[in-house]
Structure formats: C-alpha cells, structure tokens
Amino acid sequence: MLNVSDLTMEFGGLKALSNVDLSILQGEIHGLIGPNGSGKTTLINVITGFYYPTRGKIALSQKNITAVPPYIVARLGLVRTFQNINLFPEMTVLENVLTGHFLHTTPSLLSVLLGLPVYKIKEQKTLELGKELLNFVGLYELKNMKAKNLPYGKQRILEIARALMTLPKFLILDEPVAGMNDQESDMVSNLIRKLRDNRGITILLIEHHMRFVMNLCEKLTVLSAGKVLARGKPDEIQRDQEVISVYLGTGRGNNAKNK
Ligand code: ADP
Ligand code: MG
C-alpha cells in the first residue's frame, strides 16, 4: 500500500532522514519507533506532503505521491493526525468531527471556514457520517459537549474520529497515546485494532510507549539518527542488540523501556 524508497530529507546542513526505505502492506498495523529526534515526524511530514523531500520516492497503491500536497494526498486516501492536540476547543464534539469533512482535503481550511460556517455544512449525509463515526469511537453520548471540556484521552480519540471523516484507507497517527494513562491507551489500542478489522484501514503509528507498540503492531521500523536501524516483527525487534543499545543510550528510550 505504501512504498517509500531511498528517502532523504535535509534541513540546511542537517540530514533528518538518510536513504530511508519503508514498505507497508495493505491492512497492516505498522509501528515507527526510535529515540527523540530520530526523524519519525519528519518521515510522516514527507510522506503526507507537508515537506518536499531532498531525494527519494513515495508511492501510495503504486501511485507516485512524492511532493504531492497534503490535501491531495488525503483525497487519495492517506490522512494523518498530529503529535499535539489540534481540535477547535470552543466547538462541540460533533462540530469538530464535521470539520474533518474538509479539514484534510481542502487547500485552506481558513477560507472554507470563512466562506462556509460549520452550521452550513451540516447537510444530512455529512451529519450522519459524523454521528456514525462518533458512535464507532464511543463518543456519541458526548456529541454536544465543547471539545475543550473532554478529558485528554477522549480529545485524542476525537482527533482520530475527525480524521476518519474523509474515509481514509490509510491512517497515520503521530504519538496517539502520548500522555495517556493505561486505561486510556488501552481504549486507543482497541480502537486502532477495530479500525483495521472492521473498516479495513491500514495504520502507521509513531509511539514511544513500548508496551502499546509491541502489543498492537505487527511490523516495526526503527529509526535512529535519520536512518533505518532495524525492521521486523515486535519479538525480533525486542531481541535486536543494536536496537537495545540505541534505546538504552537515550533518556526517552529508557523511559519507554520501563513502561
Ligand atoms: P522525532 O519525531 O523522531 O522526534 P523529528 O522528525 O521531529 O524527530 O526531528 C528529526 C530531526 O530533524 C531533528 O534534529 C529536528 O530538529 C530536525 N527537524 C525537524 N523538522 C525540522 C524543520 N522544519 N527544520 C529544521 N530541522 C527540523
Ligand atoms: Mg516527533
């Protein structure tokens, strides 16, 4: 479904990614791990068209999407969430989900919001899909609550629901359980599995929480200093001496190991 080959991304003199190869099969739950600053978010930014790569190629279902802008990538079925919460705090839960209808697929969200207030996009089909998705993620009962009043874990789940409004076939999640307690991260874990099992969505997720990653993902790619250090199944990665030494050498990795 996704094929990244020989991808390099330089910022000035800094090589954030060096010759990265990554292949993800349809229906896979794939984890991208690595210490802080190893290039995980940059890789997602390049894949989704937020950055133009220095070198390399990205294909989605065999279609070349290298340097295609994010809203077109989204129309092709690939949507991402962000590392930090990115909701409209004063809008209700339902309104936030409805904005996903064009948030990911329109060049400028602001122009859409200015020209087309949210109450106007509540046409029946969109509204029904929004409610269906809230039901799917377990937030339907809270649909009229302001987003800012949701507990943290549910805000992150709402972001996932909003990303689903464009009916993606491929979803990329940047640290979906960062800052969550065990109960919240179990909820997200179940939701991600359900997205794949019930809706057939292929998943790429970045995460530091090791128990979460190892239980949920079928394949892992490990980045270190912008390079692919290892790839394989979770049990293979956990035994990989190079991966162990890179993780033990960093504060962030250390924390992750202890979780
Ligand atoms: P991770 O998500 O694995 O923590 P990042 O992809 O955010 O790592 O960062 C990888 C490296 O690229 C870091 O050294 C970071 O400072 C650098 N970097 C990321 N984005 C930019 C940017 N827009 N401009 C310059 N340097 C950047
Ligand atoms: Mg990051």
# chains A, B, ... in the order shown; residues from 1 in each chain; ligands from 1
>>> residues_near_ligand(ligand="ligand 1", cutoff="7 Å", atoms="only C-alpha atoms and all ligand atoms", output="PyMOL selection string")
chain A and resi 11+14+16+34-43+226
>>> select_by_dssp(residues="segment 47-219 of chain A", states="helix (DSSP H, G or I)", output="JSON, numbers by chain")
{"A": [47, 70, 71, 72, 73, 74, 75, 93, 94, 95, 96, 97, 98, 99, 100, 101, 102, 103, 109, 110, 111, 112, 113, 114, 115, 118, 119, 120, 121, 124, 125, 126, 127, 128, 129, 130, 131, 132, 133, 134, 135, 136, 137, 140, 141, 142, 147, 148, 149, 152, 153, 154, 155, 156, 157, 158, 159, 160, 161, 162, 163, 164, 182, 183, 184, 185, 186, 187, 188, 189, 190, 191, 192, 193, 194, 195, 196, 197, 198, 199, 210, 211, 212, 213, 214, 215, 216]}
>>> residues_around(residues="Gln155 of chain A", least_positions_apart="3", cutoff="10 Å", atoms="only C-alpha atoms", output="list in words")
Ile85, Asn86, Leu87, Pro89, Val93, Leu139, Ala147, Lys148, Asn149, Leu150, Pro151, Tyr152, Leu158, Glu159, Ile160 and Ala161 of chain A
>>> closest_residue(among="A:Leu22, A:Leu134, A:Ala178, A:Val79", to="ligand 2", atoms="only C-alpha atoms and all ligand atoms")
A:Ala178
>>> closest_residue(among="A:Tyr71, A:Phe50, A:Phe102, A:Phe170", to="Ile24 of chain A", atoms="only C-alpha atoms")
A:Phe170
>>> residues_around(residues="Gly100 of chain A", least_positions_apart="5", cutoff="8 Å", atoms="only C-alpha atoms", output="ChimeraX atom specification")
/A:162-166
>>> closest_residue(among="A:Pro176, A:Pro53, A:Gly138, A:Gly130", to="ligand 2", atoms="only C-alpha atoms and all ligand atoms")
A:Pro176
>>> residues_around(residues="Met145 of chain A", least_positions_apart="2", cutoff="6 Å", atoms="only C-alpha atoms", output="ChimeraX atom specification")
/A:92-93,142-143
>>> select_by_dssp(residues="segment 76-241 of chain A", states="strand (DSSP E)", output="MDAnalysis selection string")
chainID A and resid 78:80 170:174 202:206 219:224 227:232
>>> write_last_selection(atoms="N, CA, C and O atoms", output="compact mmCIF listing (two decimals), in the first residue's frame")
# COMPACT_ATOMS: atom_id res chain seq x y z
N LEU A 78 -4.96 8.93 2.13
CA LEU A 78 -3.97 8.88 3.21
C LEU A 78 -4.11 10.12 4.09
O LEU A 78 -3.93 11.24 3.61
N VAL A 79 -4.45 9.90 5.36
CA VAL A 79 -4.69 11.01 6.28
C VAL A 79 -3.89 10.80 7.55
O VAL A 79 -3.64 9.66 7.95
N ARG A 80 -3.45 11.88 8.19
CA ARG A 80 -2.67 11.76 9.41
C ARG A 80 -3.27 12.59 10.54
O ARG A 80 -4.05 13.51 10.30
N PHE A 170 -5.80 4.69 4.58
CA PHE A 170 -4.51 4.64 5.27
C PHE A 170 -4.48 5.78 6.27
O PHE A 170 -4.69 6.93 5.93
N LEU A 171 -4.22 5.42 7.55
CA LEU A 171 -4.22 6.43 8.60
C LEU A 171 -2.85 6.44 9.28
O LEU A 171 -2.34 5.39 9.66
N ILE A 172 -2.28 7.63 9.43
CA ILE A 172 -1.01 7.77 10.13
C ILE A 172 -1.25 8.52 11.43
O ILE A 172 -1.85 9.59 11.43
N LEU A 173 -0.80 7.94 12.54
CA LEU A 173 -1.05 8.52 13.85
C LEU A 173 0.29 8.87 14.50
O LEU A 173 1.13 8.00 14.70
N ASP A 174 0.47 10.15 14.83
CA ASP A 174 1.73 10.58 15.45
C ASP A 174 1.55 10.62 16.97
O ASP A 174 0.88 11.50 17.50
N THR A 202 -5.45 0.64 6.84
CA THR A 202 -4.05 0.36 7.11
C THR A 202 -3.51 1.46 8.04
O THR A 202 -3.87 2.62 7.89
N ILE A 203 -2.67 1.05 9.01
CA ILE A 203 -2.25 2.00 10.05
C ILE A 203 -0.73 2.09 10.13
O ILE A 203 -0.03 1.08 10.16
N LEU A 204 -0.23 3.33 10.17
CA LEU A 204 1.17 3.56 10.54
C LEU A 204 1.14 4.43 11.77
O LEU A 204 0.51 5.49 11.77
N LEU A 205 1.79 3.98 12.86
CA LEU A 205 1.77 4.81 14.05
C LEU A 205 3.16 4.99 14.64
O LEU A 205 3.98 4.08 14.64
N ILE A 206 3.39 6.22 15.08
CA ILE A 206 4.60 6.55 15.82
C ILE A 206 4.23 6.47 17.28
O ILE A 206 3.19 6.99 17.67
N LYS A 219 4.28 -5.17 12.54
CA LYS A 219 5.61 -4.91 11.99
C LYS A 219 6.12 -3.60 12.60
O LYS A 219 5.34 -2.70 12.89
N LEU A 220 7.44 -3.53 12.74
CA LEU A 220 8.04 -2.31 13.27
C LEU A 220 9.20 -1.87 12.39
O LEU A 220 9.91 -2.71 11.82
N THR A 221 9.36 -0.55 12.30
CA THR A 221 10.56 0.01 11.70
C THR A 221 11.18 0.91 12.76
O THR A 221 10.49 1.70 13.40
N VAL A 222 12.49 0.74 12.97
CA VAL A 222 13.18 1.54 13.98
C VAL A 222 14.08 2.55 13.29
O VAL A 222 14.93 2.19 12.47
N LEU A 223 13.88 3.82 13.61
CA LEU A 223 14.75 4.87 13.08
C LEU A 223 15.74 5.27 14.16
O LEU A 223 15.44 5.29 15.35
N SER A 224 16.96 5.59 13.71
CA SER A 224 17.95 6.15 14.62
C SER A 224 18.77 7.14 13.81
O SER A 224 19.29 6.80 12.75
N LYS A 227 18.22 7.22 10.07
CA LYS A 227 18.42 6.00 9.26
C LYS A 227 17.58 4.86 9.82
O LYS A 227 17.29 4.81 11.01
N VAL A 228 17.23 3.91 8.94
CA VAL A 228 16.54 2.72 9.42
C VAL A 228 17.56 1.82 10.11
O VAL A 228 18.52 1.37 9.50
N LEU A 229 17.34 1.60 11.40
CA LEU A 229 18.26 0.79 12.19
C LEU A 229 17.86 -0.68 12.12
O LEU A 229 18.70 -1.57 12.12
N ALA A 230 16.55 -0.93 12.11
CA ALA A 230 16.06 -2.31 12.10
C ALA A 230 14.62 -2.31 11.64
O ALA A 230 13.93 -1.30 11.72
N ARG A 231 14.19 -3.48 11.14
CA ARG A 231 12.77 -3.67 10.84
C ARG A 231 12.43 -5.13 11.07
O ARG A 231 13.29 -6.00 10.93
N GLY A 232 11.17 -5.37 11.46
CA GLY A 232 10.78 -6.75 11.72
C GLY A 232 9.58 -6.83 12.62
O GLY A 232 8.92 -5.83 12.89
>>> closest_residue(among="A:Leu32, A:Met210, A:Ala74, A:Val243", to="ligand 2", atoms="only C-alpha atoms and all ligand atoms")
A:Leu32
>>> closest_residue(among="A:Ile237, A:Met91, A:Val213, A:Ile44", to="ligand 2", atoms="only C-alpha atoms and all ligand atoms")
A:Ile44
>>> residues_around(residues="Arg196 of chain A", least_positions_apart="3", cutoff="10 Å", atoms="only C-alpha atoms", output="PyMOL selection string")
chain A and resi 26-29+169-171+191-193+199-203
>>> decode(residues="segment 89-104 of chain A", atoms="all heavy atoms", output="tab-separated table (two decimals), in the first residue's frame")
chain	number	residue	atom	x	y	z
A	89	PRO	N	-11.28	24.10	20.21
A	89	PRO	CA	-11.71	23.89	21.60
A	89	PRO	C	-13.12	24.39	21.91
A	89	PRO	O	-13.82	23.81	22.73
A	89	PRO	CB	-10.67	24.66	22.42
A	89	PRO	CG	-9.93	25.53	21.47
A	89	PRO	CD	-10.07	24.93	20.11
A	90	GLU	N	-13.56	25.47	21.23
A	90	GLU	CA	-14.87	26.04	21.54
A	90	GLU	C	-16.01	25.36	20.78
A	90	GLU	O	-17.17	25.62	21.05
A	90	GLU	CB	-14.89	27.55	21.25
A	90	GLU	CG	-13.91	28.37	22.10
A	90	GLU	CD	-14.29	28.37	23.59
A	90	GLU	OE1	-15.48	28.17	23.90
A	90	GLU	OE2	-13.38	28.56	24.42
A	91	MET	N	-15.66	24.54	19.81
A	91	MET	CA	-16.72	23.84	19.07
A	91	MET	C	-17.11	22.57	19.82
A	91	MET	O	-16.34	22.03	20.61
A	91	MET	CB	-16.22	23.43	17.69
A	91	MET	CG	-16.08	24.57	16.71
A	91	MET	SD	-15.66	23.82	15.10
A	91	MET	CE	-15.32	25.27	14.16
A	92	THR	N	-18.31	22.08	19.51
A	92	THR	CA	-18.73	20.83	20.14
A	92	THR	C	-17.98	19.65	19.51
A	92	THR	O	-17.34	19.78	18.47
A	92	THR	CB	-20.24	20.57	19.94
A	92	THR	OG1	-20.48	20.33	18.55
A	92	THR	CG2	-21.09	21.74	20.42
A	93	VAL	N	-18.12	18.52	20.18
A	93	VAL	CA	-17.53	17.27	19.70
A	93	VAL	C	-18.03	16.97	18.28
A	93	VAL	O	-17.24	16.68	17.37
A	93	VAL	CB	-17.89	16.13	20.68
A	93	VAL	CG1	-17.58	14.77	20.10
A	93	VAL	CG2	-17.14	16.35	22.01
A	94	LEU	N	-19.33	17.08	18.08
A	94	LEU	CA	-19.90	16.78	16.75
A	94	LEU	C	-19.37	17.77	15.71
A	94	LEU	O	-18.97	17.36	14.61
A	94	LEU	CB	-21.43	16.84	16.82
A	94	LEU	CG	-22.16	16.57	15.50
A	94	LEU	CD1	-21.81	15.20	14.93
A	94	LEU	CD2	-23.67	16.67	15.68
A	95	GLU	N	-19.34	19.05	16.05
A	95	GLU	CA	-18.84	20.04	15.08
A	95	GLU	C	-17.38	19.78	14.70
A	95	GLU	O	-16.98	19.92	13.55
A	95	GLU	CB	-19.00	21.46	15.64
A	95	GLU	CG	-20.44	21.94	15.62
A	95	GLU	CD	-20.66	23.21	16.44
A	95	GLU	OE1	-19.83	23.52	17.31
A	95	GLU	OE2	-21.67	23.87	16.20
A	96	ASN	N	-16.58	19.38	15.70
A	96	ASN	CA	-15.18	19.06	15.41
A	96	ASN	C	-15.06	17.92	14.40
A	96	ASN	O	-14.26	17.97	13.48
A	96	ASN	CB	-14.43	18.72	16.68
A	96	ASN	CG	-13.72	19.92	17.29
A	96	ASN	OD1	-12.65	20.30	16.82
A	96	ASN	ND2	-14.33	20.52	18.29
A	97	VAL	N	-15.88	16.90	14.60
A	97	VAL	CA	-15.84	15.77	13.67
A	97	VAL	C	-16.24	16.24	12.27
A	97	VAL	O	-15.61	15.89	11.28
A	97	VAL	CB	-16.76	14.63	14.16
A	97	VAL	CG1	-17.02	13.63	13.05
A	97	VAL	CG2	-16.12	13.92	15.32
A	98	LEU	N	-17.29	17.07	12.21
A	98	LEU	CA	-17.77	17.53	10.90
A	98	LEU	C	-16.69	18.33	10.15
A	98	LEU	O	-16.60	18.25	8.92
A	98	LEU	CB	-19.04	18.37	11.06
A	98	LEU	CG	-20.25	17.60	11.60
A	98	LEU	CD1	-21.46	18.52	11.74
A	98	LEU	CD2	-20.60	16.40	10.74
A	99	THR	N	-15.86	19.08	10.88
A	99	THR	CA	-14.81	19.85	10.18
A	99	THR	C	-13.87	18.91	9.44
A	99	THR	O	-13.25	19.31	8.45
A	99	THR	CB	-13.97	20.72	11.13
A	99	THR	OG1	-13.27	19.87	12.04
A	99	THR	CG2	-14.80	21.74	11.88
A	100	GLY	N	-13.76	17.68	9.88
A	100	GLY	CA	-12.89	16.72	9.21
A	100	GLY	C	-13.31	16.46	7.78
A	100	GLY	O	-12.52	16.03	6.95
A	101	HIS	N	-14.56	16.78	7.48
A	101	HIS	CA	-15.09	16.62	6.13
A	101	HIS	C	-14.21	17.34	5.11
A	101	HIS	O	-13.99	16.86	4.02
A	101	HIS	CB	-16.52	17.16	6.11
A	101	HIS	CG	-17.25	16.89	4.84
A	101	HIS	ND1	-17.40	15.63	4.33
A	101	HIS	CD2	-17.88	17.74	3.97
A	101	HIS	CE1	-18.10	15.71	3.19
A	101	HIS	NE2	-18.39	16.96	2.97
A	102	PHE	N	-13.72	18.52	5.50
A	102	PHE	CA	-12.86	19.25	4.55
A	102	PHE	C	-11.50	19.60	5.12
A	102	PHE	O	-10.60	20.01	4.41
A	102	PHE	CB	-13.53	20.52	4.05
A	102	PHE	CG	-14.20	21.33	5.11
A	102	PHE	CD1	-13.46	21.97	6.09
A	102	PHE	CD2	-15.58	21.43	5.14
A	102	PHE	CE1	-14.09	22.70	7.08
A	102	PHE	CE2	-16.21	22.17	6.12
A	102	PHE	CZ	-15.47	22.80	7.10
A	103	LEU	N	-11.31	19.39	6.41
A	103	LEU	CA	-10.05	19.77	7.04
A	103	LEU	C	-8.85	19.17	6.32
A	103	LEU	O	-7.84	19.81	6.11
A	103	LEU	CB	-10.07	19.31	8.51
A	103	LEU	CG	-8.85	19.65	9.36
A	103	LEU	CD1	-8.65	21.16	9.43
A	103	LEU	CD2	-9.03	19.10	10.77
A	104	HIS	N	-8.98	17.89	5.97
A	104	HIS	CA	-7.83	17.20	5.39
A	104	HIS	C	-7.78	17.28	3.88
A	104	HIS	O	-6.77	16.97	3.28
A	104	HIS	CB	-7.84	15.73	5.83
A	104	HIS	CG	-7.70	15.56	7.30
A	104	HIS	ND1	-6.49	15.64	7.94
A	104	HIS	CD2	-8.61	15.36	8.27
A	104	HIS	CE1	-6.67	15.47	9.24
A	104	HIS	NE2	-7.96	15.30	9.47
